[in-house]
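Everything below concerns the one structure shown next.
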Amino acid sequence: MKKMIALASVLALSGAAGVAVAGGQDTYMKSCNACHGTGAAGAPKTGDTAAWKDRIAQGNATMYEHAIKGFKGKTGMMPPKGGFANLSDDDVKAAVDYMVSKSK
Ligand code: HEC
């Protein structure tokens, strides 16, 4: 618990960018990790740089659109917002940013 409080204050000190990353991680853990943490259902696994290389090369706009609206690619089916319709577009974008930052 102490550790979490320390982390929260570090993020608070690091300003808006830090907060955005923290928000993305939170959304990612709740809504995306089930597939992207393990590669379930053909999802590109977070941290698998080879699986992400060509996706990252498409640019963020395409990845955001695919994550928000859903898309069917060569390896499987990405549901719109990972199946969590309650997420805002910005939540999804932050989660994409988090995933991509771990996968370069
Ligand atoms: C039910 C499983 C599942 C969940 C939950 C899920 N994804 Fe995916 N996602 C996939 C699959 C499968 C693909 C690969 C589709 C393909 O390329 O064939 C994918 C691909 C992606 C891509 C790459 C898109 C591209 O253009 O190559 C992004 C970005 C992404 N997901 C973001 C997210 C985010 C953000 C969340 C959480 C809000 C999430 N996903 C939740 C299954 C999932």
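In the structure tokens, each chain is lettered A, B, ... as it comes, each chain's residues begin at 1, and ligands are numbered from 1 in order of appearance.
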Using only C-alpha atoms and all ligand atoms, find each residue of chain A with at least one atom at most 9 Å away from an atom of ligand 1; report its shortest atom-to-atom pair and that distance in Å (one decimal), sort the rows by chain and rising residue number, and return the result as a Markdown table.
```
| residue | atom | partner | partner_atom_place_in_ligand_line | distance |
| --- | --- | --- | --- | --- |
| A:Gly24 | CA | ligand 1 | 35 (C) | 8.5 |
| A:Thr27 | CA | ligand 1 | 38 (C) | 6.5 |
| A:Tyr28 | CA | ligand 1 | 37 (C) | 5.5 |
| A:Met29 | CA | ligand 1 | 37 (C) | 8.2 |
| A:Lys30 | CA | ligand 1 | 37 (C) | 7.8 |
| A:Ser31 | CA | ligand 1 | 37 (C) | 4.6 |
| A:Cys32 | CA | ligand 1 | 37 (C) | 3.5 |
| A:Asn33 | CA | ligand 1 | 5 (C) | 6.8 |
| A:Ala34 | CA | ligand 1 | 5 (C) | 5.7 |
| A:Cys35 | CA | ligand 1 | 2 (C) | 4.4 |
| A:His36 | CA | ligand 1 | 7 (N) | 6.0 |
| A:Gly39 | CA | ligand 1 | 12 (C) | 7.8 |
| A:Ala40 | CA | ligand 1 | 2 (C) | 6.6 |
| A:Ala41 | CA | ligand 1 | 12 (C) | 5.0 |
| A:Gly42 | CA | ligand 1 | 12 (C) | 4.3 |
| A:Ala43 | CA | ligand 1 | 11 (C) | 3.5 |
| A:Pro44 | CA | ligand 1 | 14 (C) | 5.8 |
| A:Lys45 | CA | ligand 1 | 19 (C) | 8.8 |
| A:Trp52 | CA | ligand 1 | 27 (O) | 7.5 |
| A:Asp54 | CA | ligand 1 | 27 (O) | 7.6 |
| A:Arg55 | CA | ligand 1 | 27 (O) | 4.4 |
| A:Ile56 | CA | ligand 1 | 27 (O) | 7.4 |
| A:Gln58 | CA | ligand 1 | 26 (O) | 7.1 |
| A:Gly59 | CA | ligand 1 | 26 (O) | 8.4 |
| A:Asn60 | CA | ligand 1 | 29 (C) | 8.2 |
| A:Ala61 | CA | ligand 1 | 26 (O) | 8.9 |
| A:Thr62 | CA | ligand 1 | 26 (O) | 5.7 |
| A:Met63 | CA | ligand 1 | 26 (O) | 4.1 |
| A:Tyr64 | CA | ligand 1 | 29 (C) | 6.1 |
| A:Glu65 | CA | ligand 1 | 26 (O) | 7.7 |
| A:His66 | CA | ligand 1 | 24 (C) | 5.2 |
| A:Ala67 | CA | ligand 1 | 32 (C) | 4.6 |
| A:Ile68 | CA | ligand 1 | 35 (C) | 7.7 |
| A:Gly70 | CA | ligand 1 | 31 (N) | 8.0 |
| A:Phe71 | CA | ligand 1 | 15 (C) | 6.5 |
| A:Lys72 | CA | ligand 1 | 18 (O) | 5.2 |
| A:Gly73 | CA | ligand 1 | 18 (O) | 3.0 |
| A:Lys74 | CA | ligand 1 | 18 (O) | 4.1 |
| A:Thr75 | CA | ligand 1 | 18 (O) | 3.5 |
| A:Gly76 | CA | ligand 1 | 18 (O) | 3.7 |
| A:Met77 | CA | ligand 1 | 12 (C) | 4.3 |
| A:Met78 | CA | ligand 1 | 10 (C) | 3.7 |
| A:Pro79 | CA | ligand 1 | 43 (C) | 6.1 |
| A:Pro80 | CA | ligand 1 | 39 (C) | 8.1 |
| A:Lys81 | CA | ligand 1 | 38 (C) | 4.7 |
| A:Gly82 | CA | ligand 1 | 41 (C) | 3.6 |
| A:Gly83 | CA | ligand 1 | 5 (C) | 6.2 |
| A:Phe84 | CA | ligand 1 | 38 (C) | 6.8 |
| A:Leu87 | CA | ligand 1 | 38 (C) | 7.6 |
| A:Asp91 | CA | ligand 1 | 38 (C) | 7.6 |
| A:Val92 | CA | ligand 1 | 35 (C) | 4.9 |
| A:Lys93 | CA | ligand 1 | 35 (C) | 6.5 |
| A:Ala94 | CA | ligand 1 | 35 (C) | 7.5 |
| A:Ala95 | CA | ligand 1 | 35 (C) | 4.6 |
| A:Val96 | CA | ligand 1 | 35 (C) | 4.4 |
| A:Asp97 | CA | ligand 1 | 35 (C) | 8.0 |
| A:Tyr98 | CA | ligand 1 | 35 (C) | 8.4 |
| A:Met99 | CA | ligand 1 | 35 (C) | 7.3 |
| A:Val100 | CA | ligand 1 | 29 (C) | 7.6 |
```
re atom CA of A:Lys102 and atom CA of A:Ala57: distance 15.1 Å
As a PyMOL selection string, please: every residue in stretch 17-100 of chain A that a backbone DSSP assignment puts in strand (DSSP E or B). chain A and resi 71-72+77-78
Please dump the current selection as a compact mmCIF listing (two decimals), in the first residue's frame; keep N, CA and C atoms.
```txt
# COMPACT_ATOMS: atom_id res chain seq x y z
N PHE A 71 -11.92 -4.06 -35.32
CA PHE A 71 -11.48 -4.43 -36.66
C PHE A 71 -11.09 -5.91 -36.71
N LYS A 72 -11.25 -6.44 -37.93
CA LYS A 72 -10.89 -7.83 -38.14
C LYS A 72 -9.65 -7.84 -39.00
N MET A 77 -9.93 -10.92 -34.24
CA MET A 77 -10.99 -9.92 -34.24
C MET A 77 -10.81 -9.05 -33.00
N MET A 78 -10.56 -7.78 -33.24
CA MET A 78 -10.47 -6.81 -32.16
C MET A 78 -11.85 -6.21 -31.96
```
All helix (DSSP H, G or I) positions in stretch 13-78 of chain A, as a PyMOL selection string
chain A and resi 13+16-36+40-42+49-57+60-69
Quick one: everything within 8 Å of A:Lys104, counting only C-alpha atoms, minus sequence neighbours fewer than 6 positions away in the same chain. Send it as a list in words.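 The filter keeps Gly47, Thr49, Trp52 and Lys53 of chain A.
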Output file for the residues above (N, CA and C atoms, as a short mmCIF file (atom, residue, chain, number, x, y, z; two decimals), in the first residue's frame):
```cif
data_model
loop_
_atom_site.label_atom_id
_atom_site.label_comp_id
_atom_site.auth_asym_id
_atom_site.auth_seq_id
_atom_site.Cartn_x
_atom_site.Cartn_y
_atom_site.Cartn_z
N GLY A 47 4.30 -6.07 -25.40
CA GLY A 47 5.71 -6.37 -25.16
C GLY A 47 6.35 -7.20 -26.26
N THR A 49 7.58 -7.11 -29.48
CA THR A 49 7.92 -6.05 -30.43
C THR A 49 7.70 -6.50 -31.88
N TRP A 52 4.11 -6.13 -32.90
CA TRP A 52 3.62 -4.75 -32.94
C TRP A 52 4.27 -3.89 -34.02
N LYS A 53 5.41 -4.35 -34.56
CA LYS A 53 6.19 -3.51 -35.46
C LYS A 53 5.35 -2.95 -36.62
#
```
(Q) Counting only C-alpha atoms, which residue out of A:Asn86, A:Thr46, A:Lys69, A:Ala51 sits closest to A:Gln25? (A)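 Residue with the minimum atom-to-atom distance to A:Gln25: A:Thr46.
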